[in-house]
Amino acid sequence: MSLAKTFYLTTPIYYVNSAPHIGHAYTTVAGDVLTRWRRQRGESVWYLTGTDEHGEKVLRSAQANKVSPQEWVDNLVEKEWRPAWRSLNIANDDFIRTTEPRHTQRVQKFLTQLKDAGFIYAGKYEGPYCVGCEEFKLPGDLVEKDGKQTCLIHGTPIEIVKEDNWFFKLSAFVEPLLKHYRENPDACQPDTARNEVVSFLNSGVTDLSISRSTFDWGITVPWDTDQVFYVWFDALLNYATAVGLGDDPDSEGGKKFVEVWPPDIHLVGREILRFHAVIWPAMLMAAGLATPKKVFAHGWLLVGGEKMSKSKLTGIVPKDITDHFGVDAFRYYFLRAIPFGSDGSFSWEDMHARYTSELANDFGNLSSRLAAMIEKYCDGVIPASSYDEELAEALSATVEKADAAICDLDFQGGIVAIMDFCKQVNGYVTVKEPWILAKDPANKAELDAVLYNTAESLRALAILLNSVMPATCEILWESLGAHKSIGALKDQHIADVSKWGQLPVGSVVTKSASLFPRLDVIA
Ligand code: MSP
């Protein structure tokens, strides 16, 4: 029996020139939500994130802070990056750093093989370079500002690089890549991103300089030790080095590689699409390895209409938001408010409004009302089982819609479907008026039915929202007594959510702390 392939998802590995801001968190949370969701579908999953530690950008930030680059990256990774992901409840399976020997050694071996196969040759590079992007720029990527050629993304002047370098025969892969995207339109998404890649490929791609000789903060080129690899050529390989690239098939690394390769999804911001959809698959094609099934380019978080970034001093760190709204509201907000794939602006007002209406009122209040009523009218235990056709059918449709949307990276569509069901349950309670039913003992059976159906709906909501808001859903799950009467929340499969009647009669319901507490007024 062959086991299903492990679903392998990656985020970009982030530069450690500073601490993570909400743009980095956006991608990492999105990956976390999708991988948690797929685990709850019962799939085997591998979620990788990490840090990109070489190159001039990181080197210059270390120099500006008067520490060695190694000290700089060690300090930031341990004090900022890993803790940031822990505090946002990111359940990654691995975290790769490009300064780790498991990466550097596999990169050297892989690129030596590429050279031996004839894809790497010596040449001269002269042209514009943006250190912010760590990218050799083309004329169309630049704009003139105050008489200087500047980078369109960073708005900073480019530098002219003139070096003897090693080159990768990227131009040899233009036709194979065009064919690849013609035959596999899913391999680059959304469609707008693929169109951009195809027109870039059609515009005449030249070979790529893949080494630098004017600084040494990088992975040494094994056959020319005066040079280090170009940071992107080193960085892209993280997706493969982290899972045993080139290892003996019988070794642990070799087995991991077979289990996960090729990656199912590389999540990236749209500014690094070309690297992932042109250079990276070409490197893999040159090595005879399978290319990623999908590169998905999401949009930017904007501040003042521009890409939010640390270098423009518009960077907001997650803690600024989580201190006020909590971690789960942070995880919810961006995926709910902005269609994944489009740019979107962050605004405190909009976040406040959604927190209050969608999380506190629609979801939090439903849960606290139910717990209070079960305590008051049913001595704190789930009463006789019941079935409501309308709710049960709405739930089945919700699960189907949410599953299709989330697996298709339409987080907004998935979350809206689930929250619409939550609204419907609120409507059900409002119409049934259990507080009126409770006034007459003759209505006991009807009252029990209303409370049971509401509790069942909350059971389903806890499972469906668990990948987005794991800590909150755990509180809800325990408040329903489901951890004891059903089992662990993480073990509840999406495919079984809509089977009505799972909360056993007698399950002990307890009032929890408010899922979404009233917010302090911001000064
Ligand atoms: N080190 C490279 C990636 C190498 S991957 C082999 C890099 N690093 S980065 O630190 O600049 O991170 C870029 C990524 O962070 C974006 O592609 C995106 O995933 C995320 N974001 C950074 N700023 C962002 C916004 N303002 N909005 C949305 N996402 C953003 O590029």
# chains A, B, ... in the order shown; residues from 1 in each chain; ligands from 1
>>> residues_near_ligand(ligand="ligand 1", cutoff="7 Å", atoms="only C-alpha atoms and all ligand atoms", output="mmCIF file with all heavy atoms, in the first residue's frame")
data_model
loop_
_atom_site.group_PDB
_atom_site.id
_atom_site.type_symbol
_atom_site.label_atom_id
_atom_site.label_comp_id
_atom_site.auth_asym_id
_atom_site.auth_seq_id
_atom_site.Cartn_x
_atom_site.Cartn_y
_atom_site.Cartn_z
ATOM 1 N N THR A 11 6.767 28.831 3.860
ATOM 2 C CA THR A 11 6.712 30.304 3.767
ATOM 3 C C THR A 11 8.048 30.730 3.170
ATOM 4 O O THR A 11 8.984 29.925 3.146
ATOM 5 C CB THR A 11 6.615 30.979 5.153
ATOM 6 O OG1 THR A 11 7.871 30.787 5.838
ATOM 7 C CG2 THR A 11 5.484 30.398 5.980
ATOM 8 N N PRO A 12 8.169 31.992 2.754
ATOM 9 C CA PRO A 12 9.513 32.460 2.405
ATOM 10 C C PRO A 12 10.371 32.371 3.674
ATOM 11 O O PRO A 12 9.840 32.396 4.783
ATOM 12 C CB PRO A 12 9.303 33.938 2.028
ATOM 13 C CG PRO A 12 7.836 34.100 1.797
ATOM 14 C CD PRO A 12 7.163 33.067 2.638
ATOM 15 N N ILE A 13 11.679 32.264 3.507
ATOM 16 C CA ILE A 13 12.520 32.412 4.700
ATOM 17 C C ILE A 13 12.860 33.897 4.779
ATOM 18 O O ILE A 13 13.229 34.513 3.781
ATOM 19 C CB ILE A 13 13.756 31.494 4.665
ATOM 20 C CG1 ILE A 13 14.505 31.601 3.341
ATOM 21 C CG2 ILE A 13 13.338 30.055 4.955
ATOM 22 C CD1 ILE A 13 15.863 30.913 3.367
ATOM 23 N N TYR A 14 12.675 34.471 5.948
ATOM 24 C CA TYR A 14 12.717 35.929 6.076
ATOM 25 C C TYR A 14 14.117 36.427 6.385
ATOM 26 O O TYR A 14 14.878 35.779 7.108
ATOM 27 C CB TYR A 14 11.743 36.363 7.181
ATOM 28 C CG TYR A 14 10.338 35.828 6.948
ATOM 29 C CD1 TYR A 14 9.826 34.797 7.740
ATOM 30 C CD2 TYR A 14 9.545 36.324 5.914
ATOM 31 C CE1 TYR A 14 8.545 34.294 7.517
ATOM 32 C CE2 TYR A 14 8.267 35.819 5.689
ATOM 33 C CZ TYR A 14 7.767 34.804 6.493
ATOM 34 O OH TYR A 14 6.516 34.304 6.276
ATOM 35 N N TYR A 15 14.443 37.613 5.862
ATOM 36 C CA TYR A 15 15.736 38.230 6.166
ATOM 37 C C TYR A 15 15.777 38.621 7.632
ATOM 38 O O TYR A 15 14.802 39.200 8.144
ATOM 39 C CB TYR A 15 15.927 39.514 5.341
ATOM 40 C CG TYR A 15 16.133 39.268 3.869
ATOM 41 C CD1 TYR A 15 15.335 39.893 2.924
ATOM 42 C CD2 TYR A 15 17.145 38.417 3.423
ATOM 43 C CE1 TYR A 15 15.521 39.678 1.567
ATOM 44 C CE2 TYR A 15 17.335 38.198 2.059
ATOM 45 C CZ TYR A 15 16.522 38.818 1.148
ATOM 46 O OH TYR A 15 16.700 38.606 -0.188
ATOM 47 N N VAL A 16 16.931 38.364 8.251
ATOM 48 C CA VAL A 16 17.031 38.761 9.659
ATOM 49 C C VAL A 16 17.805 40.068 9.779
ATOM 50 O O VAL A 16 18.778 40.161 10.506
ATOM 51 C CB VAL A 16 17.663 37.657 10.538
ATOM 52 C CG1 VAL A 16 16.658 36.613 10.912
ATOM 53 C CG2 VAL A 16 18.837 36.995 9.858
ATOM 54 N N GLY A 23 3.682 42.049 8.182
ATOM 55 C CA GLY A 23 3.728 41.492 6.831
ATOM 56 C C GLY A 23 4.275 40.068 6.866
ATOM 57 O O GLY A 23 3.739 39.160 6.225
ATOM 58 N N HIS A 24 5.347 39.859 7.618
ATOM 59 C CA HIS A 24 5.903 38.505 7.744
ATOM 60 C C HIS A 24 4.899 37.600 8.460
ATOM 61 O O HIS A 24 4.717 36.433 8.103
ATOM 62 C CB HIS A 24 7.213 38.523 8.548
ATOM 63 C CG HIS A 24 8.245 39.464 8.019
ATOM 64 N ND1 HIS A 24 8.705 40.547 8.726
ATOM 65 C CD2 HIS A 24 8.891 39.496 6.818
ATOM 66 C CE1 HIS A 24 9.602 41.200 8.002
ATOM 67 N NE2 HIS A 24 9.726 40.583 6.838
ATOM 68 N N TYR A 26 1.728 37.835 8.451
ATOM 69 C CA TYR A 26 0.583 37.566 7.561
ATOM 70 C C TYR A 26 0.790 36.244 6.809
ATOM 71 O O TYR A 26 -0.059 35.351 6.818
ATOM 72 C CB TYR A 26 0.464 38.735 6.589
ATOM 73 C CG TYR A 26 -0.654 38.672 5.573
ATOM 74 C CD1 TYR A 26 -1.966 38.454 5.956
ATOM 75 C CD2 TYR A 26 -0.383 38.872 4.213
ATOM 76 C CE1 TYR A 26 -2.994 38.431 5.007
ATOM 77 C CE2 TYR A 26 -1.393 38.854 3.269
ATOM 78 C CZ TYR A 26 -2.698 38.630 3.673
ATOM 79 O OH TYR A 26 -3.703 38.614 2.735
ATOM 80 N N THR A 27 1.943 36.112 6.164
ATOM 81 C CA THR A 27 2.225 34.883 5.407
ATOM 82 C C THR A 27 2.312 33.678 6.338
ATOM 83 O O THR A 27 1.798 32.597 6.032
ATOM 84 C CB THR A 27 3.584 35.015 4.671
ATOM 85 O OG1 THR A 27 3.702 36.322 4.127
ATOM 86 C CG2 THR A 27 3.727 33.981 3.588
ATOM 87 N N ASP A 52 16.498 33.702 6.404
ATOM 88 C CA ASP A 52 17.453 33.890 5.308
ATOM 89 C C ASP A 52 18.541 34.798 5.872
ATOM 90 O O ASP A 52 18.289 35.984 6.114
ATOM 91 C CB ASP A 52 16.690 34.566 4.153
ATOM 92 C CG ASP A 52 17.481 34.616 2.864
ATOM 93 O OD1 ASP A 52 18.658 34.233 2.863
ATOM 94 O OD2 ASP A 52 16.890 35.061 1.848
ATOM 95 N N CYS A 133 16.237 44.443 -2.021
ATOM 96 C CA CYS A 133 15.619 43.254 -2.644
ATOM 97 C C CYS A 133 16.635 42.132 -2.791
ATOM 98 O O CYS A 133 16.259 41.009 -3.087
ATOM 99 C CB CYS A 133 15.110 43.557 -4.051
ATOM 100 S SG CYS A 133 13.826 44.784 -4.157
ATOM 101 N N TRP A 232 20.131 34.699 -3.039
ATOM 102 C CA TRP A 232 18.884 34.050 -3.469
ATOM 103 C C TRP A 232 19.121 32.618 -3.930
ATOM 104 O O TRP A 232 18.261 31.750 -3.783
ATOM 105 C CB TRP A 232 18.207 34.861 -4.576
ATOM 106 C CG TRP A 232 17.229 35.847 -4.028
ATOM 107 C CD1 TRP A 232 17.429 37.183 -3.831
ATOM 108 C CD2 TRP A 232 15.888 35.570 -3.584
ATOM 109 N NE1 TRP A 232 16.314 37.751 -3.292
ATOM 110 C CE2 TRP A 232 15.339 36.793 -3.130
ATOM 111 C CE3 TRP A 232 15.113 34.423 -3.529
ATOM 112 C CZ2 TRP A 232 14.048 36.893 -2.636
ATOM 113 C CZ3 TRP A 232 13.815 34.511 -3.025
ATOM 114 C CH2 TRP A 232 13.296 35.741 -2.584
ATOM 115 N N ALA A 235 19.290 30.831 -0.791
ATOM 116 C CA ALA A 235 18.031 30.847 -0.037
ATOM 117 C C ALA A 235 16.959 29.934 -0.637
ATOM 118 O O ALA A 235 16.278 29.205 0.086
ATOM 119 C CB ALA A 235 17.502 32.277 0.042
ATOM 120 N N LEU A 236 16.793 29.979 -1.958
ATOM 121 C CA LEU A 236 15.721 29.177 -2.567
ATOM 122 C C LEU A 236 15.900 27.693 -2.255
ATOM 123 O O LEU A 236 14.935 26.950 -2.099
ATOM 124 C CB LEU A 236 15.696 29.399 -4.085
ATOM 125 C CG LEU A 236 15.139 30.761 -4.508
ATOM 126 C CD1 LEU A 236 15.520 31.070 -5.958
ATOM 127 C CD2 LEU A 236 13.613 30.804 -4.347
ATOM 128 N N ASN A 238 16.623 26.379 0.397
ATOM 129 C CA ASN A 238 16.217 25.974 1.758
ATOM 130 C C ASN A 238 15.059 24.985 1.727
ATOM 131 O O ASN A 238 14.958 24.100 2.568
ATOM 132 C CB ASN A 238 15.845 27.196 2.602
ATOM 133 C CG ASN A 238 14.368 27.562 2.473
ATOM 134 O OD1 ASN A 238 13.517 27.024 3.175
ATOM 135 N ND2 ASN A 238 14.055 28.447 1.541
ATOM 136 N N LEU A 267 4.121 29.555 -0.335
ATOM 137 C CA LEU A 267 3.429 30.843 -0.147
ATOM 138 C C LEU A 267 4.476 31.941 -0.232
ATOM 139 O O LEU A 267 5.487 31.868 0.466
ATOM 140 C CB LEU A 267 2.807 30.916 1.247
ATOM 141 C CG LEU A 267 1.571 30.099 1.548
ATOM 142 C CD1 LEU A 267 1.082 30.451 2.952
ATOM 143 C CD2 LEU A 267 0.472 30.386 0.530
ATOM 144 N N VAL A 268 4.215 32.950 -1.036
ATOM 145 C CA VAL A 268 5.165 34.068 -1.143
ATOM 146 C C VAL A 268 4.409 35.385 -1.312
ATOM 147 O O VAL A 268 3.277 35.395 -1.803
ATOM 148 C CB VAL A 268 6.133 33.895 -2.357
ATOM 149 C CG1 VAL A 268 6.944 32.625 -2.228
ATOM 150 C CG2 VAL A 268 5.393 33.921 -3.689
ATOM 151 N N GLY A 269 5.051 36.473 -0.931
ATOM 152 C CA GLY A 269 4.506 37.791 -1.244
ATOM 153 C C GLY A 269 4.757 38.072 -2.718
ATOM 154 O O GLY A 269 5.712 37.529 -3.300
ATOM 155 N N ARG A 270 3.946 38.920 -3.337
ATOM 156 C CA ARG A 270 4.037 39.050 -4.793
ATOM 157 C C ARG A 270 5.345 39.670 -5.291
ATOM 158 O O ARG A 270 5.688 39.522 -6.464
ATOM 159 C CB ARG A 270 2.816 39.793 -5.341
ATOM 160 C CG ARG A 270 2.646 41.220 -4.892
ATOM 161 C CD ARG A 270 1.353 41.773 -5.485
ATOM 162 N NE ARG A 270 1.069 43.125 -5.065
ATOM 163 C CZ ARG A 270 1.564 44.218 -5.638
ATOM 164 N NH1 ARG A 270 2.407 44.102 -6.648
ATOM 165 N NH2 ARG A 270 1.225 45.410 -5.182
ATOM 166 N N GLU A 271 6.102 40.332 -4.388
ATOM 167 C CA GLU A 271 7.363 40.937 -4.832
ATOM 168 C C GLU A 271 8.459 39.897 -5.066
ATOM 169 O O GLU A 271 9.485 40.221 -5.663
ATOM 170 C CB GLU A 271 7.830 42.003 -3.820
ATOM 171 C CG GLU A 271 8.547 41.502 -2.568
ATOM 172 C CD GLU A 271 7.646 40.775 -1.576
ATOM 173 O OE1 GLU A 271 6.437 40.660 -1.839
ATOM 174 O OE2 GLU A 271 8.162 40.298 -0.552
ATOM 175 N N ILE A 272 8.266 38.671 -4.592
ATOM 176 C CA ILE A 272 9.320 37.671 -4.797
ATOM 177 C C ILE A 272 8.821 36.516 -5.674
ATOM 178 O O ILE A 272 9.328 35.403 -5.613
ATOM 179 C CB ILE A 272 9.910 37.160 -3.454
ATOM 180 C CG1 ILE A 272 8.819 36.607 -2.529
ATOM 181 C CG2 ILE A 272 10.669 38.286 -2.754
ATOM 182 C CD1 ILE A 272 9.389 35.932 -1.273
ATOM 183 N N GLY A 299 -1.043 39.144 -1.753
ATOM 184 C CA GLY A 299 -0.856 40.595 -1.867
ATOM 185 C C GLY A 299 -0.106 41.177 -0.675
ATOM 186 O O GLY A 299 0.324 40.464 0.228
ATOM 187 N N TRP A 300 0.026 42.496 -0.696
ATOM 188 C CA TRP A 300 0.769 43.199 0.359
ATOM 189 C C TRP A 300 -0.166 43.843 1.370
ATOM 190 O O TRP A 300 -1.249 44.317 1.011
ATOM 191 C CB TRP A 300 1.582 44.338 -0.256
ATOM 192 C CG TRP A 300 2.726 43.890 -1.102
ATOM 193 C CD1 TRP A 300 3.369 42.690 -1.051
ATOM 194 C CD2 TRP A 300 3.372 44.650 -2.122
ATOM 195 N NE1 TRP A 300 4.379 42.656 -1.973
ATOM 196 C CE2 TRP A 300 4.409 43.840 -2.640
ATOM 197 C CE3 TRP A 300 3.196 45.933 -2.642
ATOM 198 C CZ2 TRP A 300 5.248 44.277 -3.660
ATOM 199 C CZ3 TRP A 300 4.029 46.364 -3.656
ATOM 200 C CH2 TRP A 300 5.045 45.547 -4.156
ATOM 201 N N LEU A 301 0.282 43.911 2.605
ATOM 202 C CA LEU A 301 -0.368 44.776 3.583
ATOM 203 C C LEU A 301 0.184 46.169 3.333
ATOM 204 O O LEU A 301 1.400 46.364 3.245
ATOM 205 C CB LEU A 301 -0.034 44.344 5.017
ATOM 206 C CG LEU A 301 -0.402 42.917 5.427
ATOM 207 C CD1 LEU A 301 -0.196 42.729 6.924
ATOM 208 C CD2 LEU A 301 -1.844 42.594 5.055
ATOM 209 N N LEU A 302 -0.728 47.101 3.182
ATOM 210 C CA LEU A 302 -0.323 48.466 2.847
ATOM 211 C C LEU A 302 -0.492 49.391 4.042
ATOM 212 O O LEU A 302 -1.401 49.207 4.855
ATOM 213 C CB LEU A 302 -1.191 49.006 1.699
ATOM 214 C CG LEU A 302 -1.286 48.147 0.440
ATOM 215 C CD1 LEU A 302 -2.301 48.752 -0.536
ATOM 216 C CD2 LEU A 302 0.072 48.012 -0.242
ATOM 217 N N LYS A 307 3.472 49.472 0.271
ATOM 218 C CA LYS A 307 3.814 48.212 0.938
ATOM 219 C C LYS A 307 4.416 48.536 2.299
ATOM 220 O O LYS A 307 5.361 49.307 2.397
ATOM 221 C CB LYS A 307 4.834 47.443 0.093
ATOM 222 C CG LYS A 307 5.302 46.156 0.743
ATOM 223 C CD LYS A 307 6.103 45.322 -0.241
ATOM 224 C CE LYS A 307 6.617 44.049 0.383
ATOM 225 N NZ LYS A 307 7.896 44.140 1.034
ATOM 226 N N MET A 308 3.810 47.945 3.325
ATOM 227 C CA MET A 308 4.325 48.204 4.661
ATOM 228 C C MET A 308 5.728 47.626 4.775
ATOM 229 O O MET A 308 5.968 46.501 4.366
ATOM 230 C CB MET A 308 3.423 47.508 5.677
ATOM 231 C CG MET A 308 3.645 47.977 7.077
ATOM 232 S SD MET A 308 3.076 46.737 8.224
ATOM 233 C CE MET A 308 4.251 45.496 7.851
ATOM 234 N N SER A 309 6.668 48.383 5.275
ATOM 235 C CA SER A 309 8.018 47.834 5.418
ATOM 236 C C SER A 309 8.779 48.563 6.508
ATOM 237 O O SER A 309 8.509 49.713 6.815
ATOM 238 C CB SER A 309 8.773 47.916 4.093
ATOM 239 O OG SER A 309 9.339 49.189 3.931
#
>>> residues_around(residues="Pro517 (chain A)", least_positions_apart="6", cutoff="9 Å", atoms="only C-alpha atoms", output="list in words")
Phe325, Ala360 and Gly364 of chain A
>>> residues_around(residues="region 461-474 of chain A", least_positions_apart="6", cutoff="7 Å", atoms="only C-alpha atoms", output="ChimeraX atom specification")
/A:33,36-37,328,331-332,489,492,515
>>> closest_residue(among="A:Asn184, A:Thr454, A:Asn89, A:Thr51", to="Gly427 (chain A)", atoms="only C-alpha atoms")
A:Thr454
>>> select_by_dssp(residues="region 8-170 of chain A", states="strand (DSSP E or B)", output="ChimeraX atom specification")
/A:8-15,45-52,94-97,120-130,135-136,142-145,148-151,157,159-168
>>> closest_atom_pairs(of="region 126-241 of chain A", to="region 65-72 of chain A", cutoff="12 Å", atoms="only C-alpha atoms", output="CSV")
residue,atom,partner,partner_atom,distance
A:Phe215,CA,A:Pro69,CA,11.9
A:Asp216,CA,A:Pro69,CA,10.6
A:Trp217,CA,A:Pro69,CA,7.6
A:Gly218,CA,A:Pro69,CA,10.2
